[in-house]
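Structure file input-v5.cif; described as mmCIF, N, CA and C atoms.
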data_start
#
loop_
_atom_site.label_atom_id
_atom_site.label_comp_id
_atom_site.auth_asym_id
_atom_site.auth_seq_id
_atom_site.Cartn_x
_atom_site.Cartn_y
_atom_site.Cartn_z
N MET P 1473 -13.05 40.00 -37.14
CA MET P 1473 -14.00 38.95 -36.82
C MET P 1473 -13.25 37.86 -36.07
N ASN P 1474 -13.79 37.43 -34.96
CA ASN P 1474 -13.09 36.39 -34.23
C ASN P 1474 -13.33 35.03 -34.86
N LYS P 1475 -12.44 34.11 -34.53
CA LYS P 1475 -12.45 32.78 -35.17
C LYS P 1475 -13.78 32.06 -35.00
N GLU P 1476 -14.45 32.23 -33.85
CA GLU P 1476 -15.70 31.52 -33.61
C GLU P 1476 -16.82 31.99 -34.54
N SER P 1477 -16.74 33.24 -35.00
CA SER P 1477 -17.82 33.76 -35.82
C SER P 1477 -17.57 33.57 -37.32
N ILE P 1478 -16.41 33.04 -37.69
CA ILE P 1478 -16.13 32.78 -39.09
C ILE P 1478 -16.70 31.41 -39.44
N LEU P 1479 -17.56 31.39 -40.40
CA LEU P 1479 -18.20 30.15 -40.81
C LEU P 1479 -17.50 29.59 -42.03
N ASN P 1480 -17.70 28.29 -42.28
CA ASN P 1480 -17.14 27.71 -43.48
C ASN P 1480 -18.20 27.67 -44.58
N THR P 1481 -17.77 27.31 -45.77
CA THR P 1481 -18.66 27.32 -46.93
C THR P 1481 -19.87 26.42 -46.72
N ASP P 1482 -19.66 25.25 -46.12
CA ASP P 1482 -20.78 24.34 -45.91
C ASP P 1482 -21.84 24.92 -44.98
N HIS P 1483 -21.46 25.79 -44.07
CA HIS P 1483 -22.46 26.49 -43.26
C HIS P 1483 -23.22 27.50 -44.12
N LEU P 1484 -22.47 28.23 -44.93
CA LEU P 1484 -23.06 29.32 -45.70
C LEU P 1484 -24.08 28.85 -46.73
N ILE P 1485 -23.90 27.66 -47.28
CA ILE P 1485 -24.81 27.22 -48.34
C ILE P 1485 -26.22 26.96 -47.82
N SER P 1486 -26.37 26.87 -46.50
CA SER P 1486 -27.71 26.66 -45.94
C SER P 1486 -28.39 27.98 -45.59
N PHE P 1487 -27.71 29.09 -45.74
CA PHE P 1487 -28.26 30.40 -45.38
C PHE P 1487 -29.35 30.85 -46.35
N SER P 1488 -30.35 31.51 -45.81
CA SER P 1488 -31.33 32.22 -46.64
C SER P 1488 -30.66 33.50 -47.16
N ASN P 1489 -31.32 34.17 -48.08
CA ASN P 1489 -30.75 35.43 -48.58
C ASN P 1489 -30.59 36.45 -47.45
N GLU P 1490 -31.54 36.50 -46.53
CA GLU P 1490 -31.45 37.45 -45.41
C GLU P 1490 -30.29 37.10 -44.48
N GLU P 1491 -30.09 35.82 -44.22
CA GLU P 1491 -28.96 35.40 -43.38
C GLU P 1491 -27.64 35.69 -44.07
N MET P 1492 -27.59 35.46 -45.38
CA MET P 1492 -26.37 35.73 -46.13
C MET P 1492 -26.07 37.23 -46.13
N LYS P 1493 -27.09 38.03 -46.31
CA LYS P 1493 -26.93 39.47 -46.29
C LYS P 1493 -26.39 39.92 -44.93
N ALA P 1494 -26.95 39.40 -43.86
CA ALA P 1494 -26.48 39.75 -42.51
C ALA P 1494 -25.03 39.32 -42.31
N TYR P 1495 -24.68 38.14 -42.82
CA TYR P 1495 -23.30 37.65 -42.72
C TYR P 1495 -22.34 38.57 -43.48
N ILE P 1496 -22.71 38.95 -44.67
CA ILE P 1496 -21.86 39.84 -45.47
C ILE P 1496 -21.70 41.19 -44.78
N TYR P 1497 -22.79 41.73 -44.23
CA TYR P 1497 -22.69 43.01 -43.52
C TYR P 1497 -21.82 42.88 -42.27
N LYS P 1498 -21.88 41.74 -41.60
CA LYS P 1498 -21.03 41.51 -40.42
C LYS P 1498 -19.55 41.47 -40.85
N LEU P 1499 -19.26 40.76 -41.94
CA LEU P 1499 -17.89 40.75 -42.46
C LEU P 1499 -17.45 42.17 -42.81
N GLN P 1500 -18.35 42.91 -43.44
CA GLN P 1500 -18.04 44.28 -43.85
C GLN P 1500 -17.77 45.16 -42.63
N ASP P 1501 -18.60 45.02 -41.60
CA ASP P 1501 -18.39 45.81 -40.37
C ASP P 1501 -17.04 45.49 -39.75
N ASP P 1502 -16.71 44.21 -39.69
CA ASP P 1502 -15.42 43.80 -39.10
C ASP P 1502 -14.25 44.31 -39.94
N LEU P 1503 -14.38 44.22 -41.25
CA LEU P 1503 -13.33 44.71 -42.14
C LEU P 1503 -13.16 46.22 -42.00
N GLN P 1504 -14.27 46.95 -41.96
CA GLN P 1504 -14.20 48.40 -41.80
C GLN P 1504 -13.56 48.78 -40.47
N SER P 1505 -13.88 48.03 -39.43
CA SER P 1505 -13.27 48.28 -38.12
C SER P 1505 -11.75 48.15 -38.19
N LYS P 1506 -11.28 47.12 -38.88
CA LYS P 1506 -9.83 46.91 -39.02
C LYS P 1506 -9.21 47.98 -39.90
N LEU P 1507 -9.89 48.34 -40.98
CA LEU P 1507 -9.37 49.41 -41.85
C LEU P 1507 -9.28 50.74 -41.10
N ASN P 1508 -10.24 50.97 -40.22
CA ASN P 1508 -10.26 52.23 -39.45
C ASN P 1508 -9.15 52.31 -38.41
N THR P 1509 -8.52 51.17 -38.10
CA THR P 1509 -7.39 51.20 -37.17
C THR P 1509 -6.09 51.55 -37.88
N GLY P 1510 -6.16 51.68 -39.21
CA GLY P 1510 -4.96 52.02 -39.96
C GLY P 1510 -4.38 50.86 -40.75
N LEU P 1511 -4.94 49.66 -40.56
CA LEU P 1511 -4.47 48.52 -41.36
C LEU P 1511 -4.91 48.70 -42.81
N SER P 1512 -4.09 48.25 -43.71
CA SER P 1512 -4.49 48.24 -45.12
C SER P 1512 -5.16 46.90 -45.42
N ILE P 1513 -5.82 46.80 -46.54
CA ILE P 1513 -6.43 45.53 -46.92
C ILE P 1513 -5.35 44.46 -47.08
N ASP P 1514 -4.19 44.84 -47.56
CA ASP P 1514 -3.07 43.89 -47.68
C ASP P 1514 -2.63 43.39 -46.31
N ASP P 1515 -2.58 44.28 -45.32
CA ASP P 1515 -2.23 43.88 -43.96
C ASP P 1515 -3.24 42.86 -43.43
N ILE P 1516 -4.50 43.15 -43.65
CA ILE P 1516 -5.57 42.28 -43.16
C ILE P 1516 -5.48 40.92 -43.83
N LEU P 1517 -5.27 40.91 -45.15
CA LEU P 1517 -5.20 39.64 -45.88
C LEU P 1517 -3.96 38.83 -45.51
N ASP P 1518 -2.91 39.50 -45.03
CA ASP P 1518 -1.73 38.78 -44.54
C ASP P 1518 -2.05 38.01 -43.25
N ILE P 1519 -3.00 38.53 -42.49
CA ILE P 1519 -3.37 37.93 -41.21
C ILE P 1519 -4.48 36.89 -41.39
N GLU P 1520 -5.47 37.22 -42.20
CA GLU P 1520 -6.64 36.37 -42.40
C GLU P 1520 -7.26 36.66 -43.76
N ASP P 1521 -8.10 35.75 -44.22
CA ASP P 1521 -8.84 35.97 -45.45
C ASP P 1521 -10.33 36.00 -45.10
N PRO P 1522 -10.90 37.20 -44.94
CA PRO P 1522 -12.30 37.28 -44.54
C PRO P 1522 -13.27 36.75 -45.61
N PHE P 1523 -12.77 36.54 -46.81
CA PHE P 1523 -13.62 36.09 -47.92
C PHE P 1523 -13.52 34.59 -48.16
N GLU P 1524 -12.70 33.90 -47.37
CA GLU P 1524 -12.38 32.50 -47.62
C GLU P 1524 -13.60 31.60 -47.76
N ALA P 1525 -14.57 31.70 -46.88
CA ALA P 1525 -15.75 30.83 -46.93
C ALA P 1525 -16.65 31.16 -48.11
N LEU P 1526 -16.61 32.40 -48.57
CA LEU P 1526 -17.45 32.82 -49.70
C LEU P 1526 -16.85 32.46 -51.05
N GLU P 1527 -15.53 32.35 -51.12
CA GLU P 1527 -14.85 32.14 -52.40
C GLU P 1527 -15.38 30.94 -53.19
N PRO P 1528 -15.62 29.78 -52.57
CA PRO P 1528 -16.09 28.64 -53.36
C PRO P 1528 -17.50 28.79 -53.93
N ILE P 1529 -18.28 29.71 -53.37
CA ILE P 1529 -19.66 29.86 -53.84
C ILE P 1529 -19.91 31.20 -54.54
N LEU P 1530 -18.87 31.97 -54.71
CA LEU P 1530 -19.02 33.28 -55.34
C LEU P 1530 -18.46 33.23 -56.75
N PRO P 1531 -19.32 33.42 -57.75
CA PRO P 1531 -18.82 33.41 -59.13
C PRO P 1531 -17.72 34.46 -59.33
N ILE P 1532 -16.79 34.13 -60.17
CA ILE P 1532 -15.61 34.97 -60.41
C ILE P 1532 -16.00 36.40 -60.80
N GLU P 1533 -17.09 36.57 -61.53
CA GLU P 1533 -17.48 37.91 -61.97
C GLU P 1533 -18.11 38.73 -60.83
N VAL P 1534 -18.55 38.09 -59.77
CA VAL P 1534 -19.16 38.80 -58.65
C VAL P 1534 -18.16 39.08 -57.54
N TYR P 1535 -17.09 38.30 -57.50
CA TYR P 1535 -16.08 38.43 -56.45
C TYR P 1535 -15.55 39.86 -56.32
N PRO P 1536 -15.14 40.51 -57.42
CA PRO P 1536 -14.62 41.88 -57.25
C PRO P 1536 -15.69 42.87 -56.77
N ILE P 1537 -16.94 42.62 -57.10
CA ILE P 1537 -18.02 43.49 -56.62
C ILE P 1537 -18.10 43.39 -55.10
N LEU P 1538 -18.05 42.15 -54.59
CA LEU P 1538 -18.10 41.94 -53.15
C LEU P 1538 -16.91 42.61 -52.46
N VAL P 1539 -15.72 42.36 -52.95
CA VAL P 1539 -14.52 42.90 -52.31
C VAL P 1539 -14.53 44.43 -52.34
N LEU P 1540 -14.84 45.01 -53.47
CA LEU P 1540 -14.88 46.48 -53.55
C LEU P 1540 -15.97 47.08 -52.67
N ALA P 1541 -17.12 46.42 -52.62
CA ALA P 1541 -18.20 46.90 -51.75
C ALA P 1541 -17.77 46.86 -50.29
N MET P 1542 -17.09 45.80 -49.91
CA MET P 1542 -16.65 45.69 -48.51
C MET P 1542 -15.58 46.71 -48.17
N ILE P 1543 -14.59 46.84 -49.03
CA ILE P 1543 -13.49 47.78 -48.76
C ILE P 1543 -14.00 49.22 -48.74
N ASN P 1544 -14.91 49.54 -49.65
CA ASN P 1544 -15.40 50.92 -49.76
C ASN P 1544 -16.67 51.17 -48.96
N ASN P 1545 -17.09 50.16 -48.19
CA ASN P 1545 -18.27 50.26 -47.32
C ASN P 1545 -19.53 50.65 -48.09
N ILE P 1546 -19.70 50.04 -49.24
CA ILE P 1546 -20.88 50.28 -50.08
C ILE P 1546 -21.98 49.32 -49.63
N ARG P 1547 -23.15 49.85 -49.33
CA ARG P 1547 -24.24 49.04 -48.80
C ARG P 1547 -25.54 49.24 -49.58
N SER P 1548 -25.45 49.58 -50.83
CA SER P 1548 -26.67 49.81 -51.59
C SER P 1548 -27.38 48.49 -51.88
N GLU P 1549 -28.69 48.57 -52.00
CA GLU P 1549 -29.48 47.38 -52.30
C GLU P 1549 -29.14 46.83 -53.68
N THR P 1550 -28.80 47.70 -54.61
CA THR P 1550 -28.44 47.25 -55.96
C THR P 1550 -27.20 46.37 -55.92
N VAL P 1551 -26.20 46.81 -55.20
CA VAL P 1551 -24.96 46.03 -55.09
C VAL P 1551 -25.23 44.73 -54.34
N MET P 1552 -25.96 44.82 -53.23
CA MET P 1552 -26.25 43.61 -52.46
C MET P 1552 -27.08 42.62 -53.28
N ASP P 1553 -28.02 43.11 -54.05
CA ASP P 1553 -28.82 42.22 -54.90
C ASP P 1553 -27.95 41.49 -55.91
N ALA P 1554 -26.97 42.19 -56.48
CA ALA P 1554 -26.06 41.55 -57.44
C ALA P 1554 -25.21 40.47 -56.76
N ILE P 1555 -24.75 40.77 -55.56
CA ILE P 1555 -23.95 39.80 -54.81
C ILE P 1555 -24.79 38.58 -54.46
N LEU P 1556 -26.00 38.81 -53.94
CA LEU P 1556 -26.86 37.69 -53.56
C LEU P 1556 -27.28 36.85 -54.76
N LYS P 1557 -27.56 37.50 -55.87
CA LYS P 1557 -27.90 36.76 -57.09
C LYS P 1557 -26.73 35.87 -57.50
N GLY P 1558 -25.53 36.41 -57.45
CA GLY P 1558 -24.35 35.61 -57.77
C GLY P 1558 -24.16 34.46 -56.80
N LEU P 1559 -24.44 34.71 -55.52
CA LEU P 1559 -24.29 33.66 -54.52
C LEU P 1559 -25.30 32.53 -54.72
N VAL P 1560 -26.50 32.86 -55.12
CA VAL P 1560 -27.51 31.82 -55.39
C VAL P 1560 -27.01 30.90 -56.50
N THR P 1561 -26.49 31.48 -57.56
CA THR P 1561 -25.92 30.71 -58.66
C THR P 1561 -24.71 29.90 -58.18
N GLY P 1562 -23.85 30.54 -57.41
CA GLY P 1562 -22.66 29.88 -56.91
C GLY P 1562 -22.96 28.73 -55.97
N VAL P 1563 -23.98 28.87 -55.14
CA VAL P 1563 -24.36 27.79 -54.22
C VAL P 1563 -24.84 26.58 -55.01
N LYS P 1564 -25.64 26.83 -56.04
CA LYS P 1564 -26.11 25.71 -56.88
C LYS P 1564 -24.94 24.98 -57.53
N SER P 1565 -24.01 25.72 -58.07
CA SER P 1565 -22.84 25.11 -58.70
C SER P 1565 -22.00 24.34 -57.68
N TYR P 1566 -21.82 24.92 -56.52
CA TYR P 1566 -21.04 24.29 -55.45
C TYR P 1566 -21.69 22.97 -55.03
N GLN P 1567 -23.00 23.00 -54.83
CA GLN P 1567 -23.72 21.79 -54.43
C GLN P 1567 -23.65 20.71 -55.50
N GLU P 1568 -23.77 21.11 -56.76
CA GLU P 1568 -23.68 20.15 -57.87
C GLU P 1568 -22.28 19.52 -57.93
N SER P 1569 -21.26 20.32 -57.71
CA SER P 1569 -19.90 19.80 -57.75
C SER P 1569 -19.63 18.85 -56.59
N LYS P 1570 -20.26 19.08 -55.45
CA LYS P 1570 -20.09 18.19 -54.29
C LYS P 1570 -20.79 16.84 -54.52
N ARG P 1571 -21.85 16.85 -55.33
CA ARG P 1571 -22.57 15.61 -55.62
C ARG P 1571 -21.82 14.72 -56.61
N SER P 1572 -20.97 15.34 -57.43
CA SER P 1572 -20.27 14.60 -58.47
C SER P 1572 -19.14 13.75 -57.92
#
Can the structure in the file be given as structure tokens, please?
Amino acid sequence: MNKESILNTDHLISFSNEEMKAYIYKLQDDLQSKLNTGLSIDDILDIEDPFEALEPILPIEVYPILVLAMINNIRSETVMDAILKGLVTGVKSYQESKRS
């Protein structure tokens, strides 16, 4: 993913579920493209953190689901629903913490 297309957390909190889903799939496509070139996930994380903007709004229990889904190219609605549900909760918590 090029630098211009990487959004920060404050951009992401305004996304609808459909926009968030599209963003996650875009990250997943970019990650898969890099993995298909022979890079390992460790190599990729040494260069960039594709999850950086999501980390502040993703509950700790949902984070491994997101990472495993992205690495393994899992795109089921069940997994995406769990991720989006976690993100809704995480966005609320993030917004509340910013108000404090």
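The two atoms in question, atom CA of Thr1509 of chain P and atom CA of Asn1545 of chain P, are spaced 14.9 Å apart.
One distance worth recording is that between atom CA of Met1552 of chain P and atom C of Ile1537 of chain P, which is 8.6 Å.
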Worksheet entry | Near-Leu1499 of chain P list (8 Å; all atoms listed in the file; drop same-chain fewer than 4 positions) as a list in words | Met1473, Lys1493, Ala1494, Tyr1495, Leu1503, Gln1504, Ser1505, Pro1522, Phe1523 and Met1542 of chain P
Worksheet item: What residues in chain P get the DSSP label helix (DSSP H, G or I)? Please answer as a ChimeraX atom specification.
Response: /P:1475-1477,1481-1484,1489-1508,1513-1519,1527-1529,1535-1543,1549-1571
Discussion item. Under the PyMOL selection byres (((chain P and resi 1515-1521 and name CA) around 12) and name CA), which residues of this model are included? Write them out as a PyMOL selection string.
Written reply: chain P and resi 1473-1475+1478-1480+1499+1502-1514+1522-1527+1539+1543
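The closest residue to Tyr1566 of chain P, picked from P:Val1551, P:Ile1529, P:Leu1538, P:Asn1544 and counting all atoms listed in the file, is P:Ile1529.
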Around the point (-21.3, 32.9, -55.3) (coordinates from the file), which residues reach within 5 Å if we count all atoms listed in the file? Answer as a CSV table (one decimal) with N, CA and C atoms, in the coordinates of the input.
chain,number,residue,atom,x,y,z
P,1529,ILE,N,-18.3,29.7,-53.4
P,1529,ILE,CA,-19.7,29.9,-53.8
P,1529,ILE,C,-19.9,31.2,-54.5
P,1530,LEU,N,-18.9,32.0,-54.7
P,1530,LEU,CA,-19.0,33.3,-55.3
P,1530,LEU,C,-18.5,33.2,-56.8
P,1531,PRO,N,-19.3,33.4,-57.8
P,1531,PRO,CA,-18.8,33.4,-59.1
P,1531,PRO,C,-17.7,34.5,-59.3
P,1558,GLY,N,-25.5,36.4,-57.4
P,1558,GLY,CA,-24.4,35.6,-57.8
P,1558,GLY,C,-24.2,34.5,-56.8
P,1559,LEU,N,-24.4,34.7,-55.5
P,1559,LEU,CA,-24.3,33.7,-54.5
P,1559,LEU,C,-25.3,32.5,-54.7
P,1562,GLY,N,-23.8,30.5,-57.4
P,1562,GLY,CA,-22.7,29.9,-56.9
P,1562,GLY,C,-23.0,28.7,-56.0
P,1563,VAL,N,-24.0,28.9,-55.1
P,1563,VAL,CA,-24.4,27.8,-54.2
P,1563,VAL,C,-24.8,26.6,-55.0
